[in-house]
Amino acid sequence: MSGTLYIIGTGPGDPQLLTLKAVSIVENCPVIIAPHGSKKGNSTALAIVGEAVPLAGKTVVQLHFPMKKIRSGHEPVPEILAAWRHAAEEALHHLNKGINVCFPTLGDPAIYSTGYYLYETVCGIKDDVNVEFVPGVPAMSSCSAALASPICLGDEMVAVIPATFSDDRLREVLERFDTIVLMKVHRVMDRLVELLKRADLMDRSVLVEKAGTAGQRTCTELDKITDPPHYYSTIIVRKNPITVRTLIN
Ligand SMILES: C[S@@+](CC[C@H](N)C(=O)[O-])C[C@H]1O[C@@H](n2cnc3c(N)ncnc32)[C@H](O)[C@@H]1O
């Protein structure tokens with residue numbers, strides 16, 4: 001009988017934000033396959049689960065997933081396809097022996113995560129694999145908690161997008177939605193600040209870096225940021241003030 005591939009969300013960094021279910025799966029899986037984005041780096045998702053569960057005695061494999069643009073409906077570059085295939089084959093190597101495999105992924109697997117690419121690739125190679133997804137706390141929820149500010153209330157509309165989108169798409173989203181969650185902001189801060197200024201949204205925008213970790217930092221004056229923020233940074237643009245607080249004041 002084939003093993004089960006568990007694709008689990010680790011939350012944004014604080015091991016206390018791992019779900020009980022995620023902890024129990026990591027405890028019971030003999031094999032952990034963990035993604036890392038930079039060629040020489042280590043897996044943050046693995047570090048998070050490693051703080052909650054002793055990993056000694058488990059087979060732990062860290063695999064590089066290149067951080068390159070992926071457009072829906074378009075085939076990714078061969079380097080990415082090769083990385084997905086390699087990870088899928090590694091997972092299947094254990095699953096075919098009846099061994100359960102855990103793939104931890106940062107935040108929630110449903111949001112801009114490698115988890116679904118692995119899932120699709122595994123199923124493309126073998127169509128009867130048992131796969132279970134376990135949701136995690138998304139980074140944006142941890143950013144919202146850090147700011148004590150909701151992402152959406154009442155009839156507000158929210159958009160969650162990578163800040164690496166084209167200027168035209170960003171402008172459209174900034175105009176249309178009440179709250180905009182901008183992810184992957186670290187390399188495009190200058191461009192973003194310019195767009196936010198033009199949309200007159202600078203005073204509605206807050207950057208949260210490393211939310212939910214000891215290094216958490218929030219910044220409201222985005223044009224004063226000189227060094228690029230860490231990759232684990234998100235900007236929340238919330239157009240509306242919180243109604244209840246406004247009414248009481
Ligand atoms: C590939 S996406 C992964 C999103 C993740 N699956 C989730 O549910 O939040 C990576 C982006 O998530 C955001 N992110 C991840 N961890 C974060 C943290 N601790 N604080 C702020 N933003 C974070 C950043 O915008 C980063 O560029």
# chains A, B, ... in the order shown; residues from 1 in each chain; ligands from 1
call {"tool": "residues_around", "arguments": {"residues": "Tyr232 of chain A", "least_positions_apart": "6", "cutoff": "12 Å", "atoms": "only C-alpha atoms", "output": "JSON, numbers by chain"}}
result
{"A": [12, 13, 37, 44, 106, 107, 138, 139, 140, 142, 143, 182, 183, 184, 185, 186, 187, 207, 208, 209, 210, 211, 212, 213, 215, 216, 217, 218]}
call {"tool": "residues_around", "arguments": {"residues": "Thr114 of chain A", "least_positions_apart": "6", "cutoff": "10 Å", "atoms": "only C-alpha atoms", "output": "MDAnalysis selection string"}}
result
chainID A and resid 7 35:37 65 67 84 103:106
call {"tool": "write_last_selection", "arguments": {"atoms": "N, CA and C atoms", "output": "mmCIF file, in the first residue's frame"}}
result
data_model
loop_
_atom_site.group_PDB
_atom_site.id
_atom_site.type_symbol
_atom_site.label_atom_id
_atom_site.label_comp_id
_atom_site.auth_asym_id
_atom_site.auth_seq_id
_atom_site.Cartn_x
_atom_site.Cartn_y
_atom_site.Cartn_z
ATOM 1 N N ILE A 7 0.874 17.580 2.814
ATOM 2 C CA ILE A 7 1.395 18.908 2.476
ATOM 3 C C ILE A 7 0.855 19.859 3.540
ATOM 4 N N PRO A 35 11.152 22.429 1.172
ATOM 5 C CA PRO A 35 11.620 23.299 0.085
ATOM 6 C C PRO A 35 12.477 24.448 0.599
ATOM 7 N N HIS A 36 13.483 24.835 -0.190
ATOM 8 C CA HIS A 36 14.145 26.107 0.101
ATOM 9 C C HIS A 36 14.299 26.891 -1.196
ATOM 10 N N GLY A 37 14.173 28.220 -1.081
ATOM 11 C CA GLY A 37 14.103 29.070 -2.269
ATOM 12 C C GLY A 37 15.451 29.484 -2.812
ATOM 13 N N PHE A 65 13.811 24.850 -4.658
ATOM 14 C CA PHE A 65 12.750 25.224 -5.600
ATOM 15 C C PHE A 65 13.078 26.642 -6.075
ATOM 16 N N MET A 67 13.204 30.371 -7.232
ATOM 17 C CA MET A 67 12.174 31.422 -7.111
ATOM 18 C C MET A 67 12.105 32.189 -8.429
ATOM 19 N N TRP A 84 10.509 20.591 -9.697
ATOM 20 C CA TRP A 84 9.248 19.966 -9.259
ATOM 21 C C TRP A 84 9.311 18.451 -9.478
ATOM 22 N N PHE A 103 5.538 17.286 3.619
ATOM 23 C CA PHE A 103 6.137 18.411 2.891
ATOM 24 C C PHE A 103 5.663 19.694 3.579
ATOM 25 N N PRO A 104 6.505 20.295 4.443
ATOM 26 C CA PRO A 104 6.082 21.523 5.114
ATOM 27 C C PRO A 104 6.285 22.720 4.195
ATOM 28 N N THR A 105 5.337 23.631 4.203
ATOM 29 C CA THR A 105 5.446 24.822 3.368
ATOM 30 C C THR A 105 5.010 26.042 4.188
ATOM 31 N N LEU A 106 5.696 27.152 3.939
ATOM 32 C CA LEU A 106 5.505 28.353 4.761
ATOM 33 C C LEU A 106 4.064 28.872 4.692
#
call {"tool": "select_by_dssp", "arguments": {"residues": "segment 50-235 of chain A", "states": "helix (DSSP H, G or I)", "output": "ChimeraX atom specification"}}
result
/A:50-52,78-95,115-125,139-147,167-176,189-198,202-204,222-224
call {"tool": "residues_around", "arguments": {"residues": "Leu196 of chain A", "least_positions_apart": "3", "cutoff": "10 Å", "atoms": "only C-alpha atoms", "output": "list in words"}}
result
Leu170, Arg171, Leu174, Arg191, Leu192, Val193, Ala199, Asp200, Leu201, Met202, Asp203, Arg204, Ser205, Leu222, Asp223 and Val237 of chain A
call {"tool": "write_last_selection", "arguments": {"atoms": "N, CA and C atoms", "output": "JSON list (two decimals), in the first residue's frame"}}
result
[["chain", "number", "residue", "atom", "x", "y", "z"],
["A", 170, "LEU", "N", -1.13, 46.21, -11.01],
["A", 170, "LEU", "CA", -1.11, 46.72, -9.63],
["A", 170, "LEU", "C", -2.02, 47.95, -9.50],
["A", 171, "ARG", "N", -1.92, 48.87, -10.48],
["A", 171, "ARG", "CA", -2.75, 50.09, -10.45],
["A", 171, "ARG", "C", -4.23, 49.72, -10.41],
["A", 174, "LEU", "N", -5.12, 48.26, -7.01],
["A", 174, "LEU", "CA", -5.09, 49.32, -5.98],
["A", 174, "LEU", "C", -6.34, 50.19, -6.07],
["A", 191, "ARG", "N", 9.49, 50.88, -6.91],
["A", 191, "ARG", "CA", 8.38, 50.91, -7.87],
["A", 191, "ARG", "C", 7.04, 50.97, -7.14],
["A", 192, "LEU", "N", 6.97, 50.21, -6.05],
["A", 192, "LEU", "CA", 5.73, 50.12, -5.28],
["A", 192, "LEU", "C", 5.41, 51.45, -4.60],
["A", 193, "VAL", "N", 6.44, 52.04, -4.01],
["A", 193, "VAL", "CA", 6.25, 53.32, -3.32],
["A", 193, "VAL", "C", 5.74, 54.36, -4.32],
["A", 199, "ALA", "N", -1.33, 56.68, -6.26],
["A", 199, "ALA", "CA", -2.72, 56.29, -5.91],
["A", 199, "ALA", "C", -3.17, 56.97, -4.62],
["A", 200, "ASP", "N", -2.30, 57.79, -4.07],
["A", 200, "ASP", "CA", -2.59, 58.51, -2.82],
["A", 200, "ASP", "C", -2.90, 57.53, -1.67],
["A", 201, "LEU", "N", -2.10, 56.45, -1.61],
["A", 201, "LEU", "CA", -2.36, 55.42, -0.60],
["A", 201, "LEU", "C", -1.19, 55.22, 0.37],
["A", 202, "MET", "N", -0.25, 56.14, 0.33],
["A", 202, "MET", "CA", 0.93, 55.97, 1.21],
["A", 202, "MET", "C", 0.54, 55.92, 2.69],
["A", 203, "ASP", "N", -0.39, 56.78, 3.08],
["A", 203, "ASP", "CA", -0.75, 56.82, 4.51],
["A", 203, "ASP", "C", -1.70, 55.69, 4.89],
["A", 204, "ARG", "N", -2.08, 54.85, 3.93],
["A", 204, "ARG", "CA", -2.93, 53.69, 4.23],
["A", 204, "ARG", "C", -2.12, 52.39, 4.14],
["A", 205, "SER", "N", -0.82, 52.48, 3.96],
["A", 205, "SER", "CA", 0.01, 51.30, 3.69],
["A", 205, "SER", "C", 1.00, 51.03, 4.82],
["A", 222, "LEU", "N", 6.88, 54.09, 4.25],
["A", 222, "LEU", "CA", 7.53, 53.21, 3.27],
["A", 222, "LEU", "C", 8.60, 53.93, 2.46],
["A", 223, "ASP", "N", 8.43, 55.24, 2.26],
["A", 223, "ASP", "CA", 9.43, 55.96, 1.45],
["A", 223, "ASP", "C", 10.72, 56.24, 2.23],
["A", 237, "VAL", "N", -2.37, 47.31, 2.44],
["A", 237, "VAL", "CA", -2.95, 48.62, 2.11],
["A", 237, "VAL", "C", -4.43, 48.50, 2.48]]
call {"tool": "select_by_dssp", "arguments": {"residues": "segment 13-219 of chain A", "states": "strand (DSSP E)", "output": "ChimeraX atom specification"}}
result
/A:31-36,59-64,101-105,130-134,158-162,179-183,205-209,217-219
call {"tool": "closest_residue", "arguments": {"among": "A:Pro109, A:Pro78, A:Gly9, A:Gly124", "to": "Ile25 of chain A", "atoms": "only C-alpha atoms"}}
result
A:Gly9
call {"tool": "residues_around", "arguments": {"residues": "Ile99 of chain A", "least_positions_apart": "6", "cutoff": "12 Å", "atoms": "only C-alpha atoms", "output": "ChimeraX atom specification"}}
result
/A:1-6,28-32,58-59,90-93,129-130
call {"tool": "atom_distance", "arguments": {"atom1": "atom CA of Asp227 of chain A", "atom2": "atom 2 (S, counted along the ligand's line) of ligand 1"}}
result
20.3 Å
call {"tool": "closest_residue", "arguments": {"among": "A:Val134, A:Leu95, A:Ile235, A:Ala82", "to": "Val160 of chain A", "atoms": "only C-alpha atoms"}}
result
A:Ile235
call {"tool": "atom_distance", "arguments": {"atom1": "atom 6 (N, counted along the ligand's line) of ligand 1", "atom2": "atom CA of Pro135 of chain A"}}
result
9.7 Å
call {"tool": "closest_residue", "arguments": {"among": "A:Glu194, A:Tyr112, A:Lys224, A:Asp178", "to": "Leu153 of chain A", "atoms": "only C-alpha atoms"}}
result
A:Asp178
call {"tool": "closest_residue", "arguments": {"among": "A:Ile111, A:Leu55, A:Leu195, A:Ile8", "to": "ligand 1", "atoms": "only C-alpha atoms and all ligand atoms"}}
result
A:Ile111
call {"tool": "atom_distance", "arguments": {"atom1": "atom CA of Gly136 of chain A", "atom2": "atom CA of Ala110 of chain A"}}
result
8.8 Å
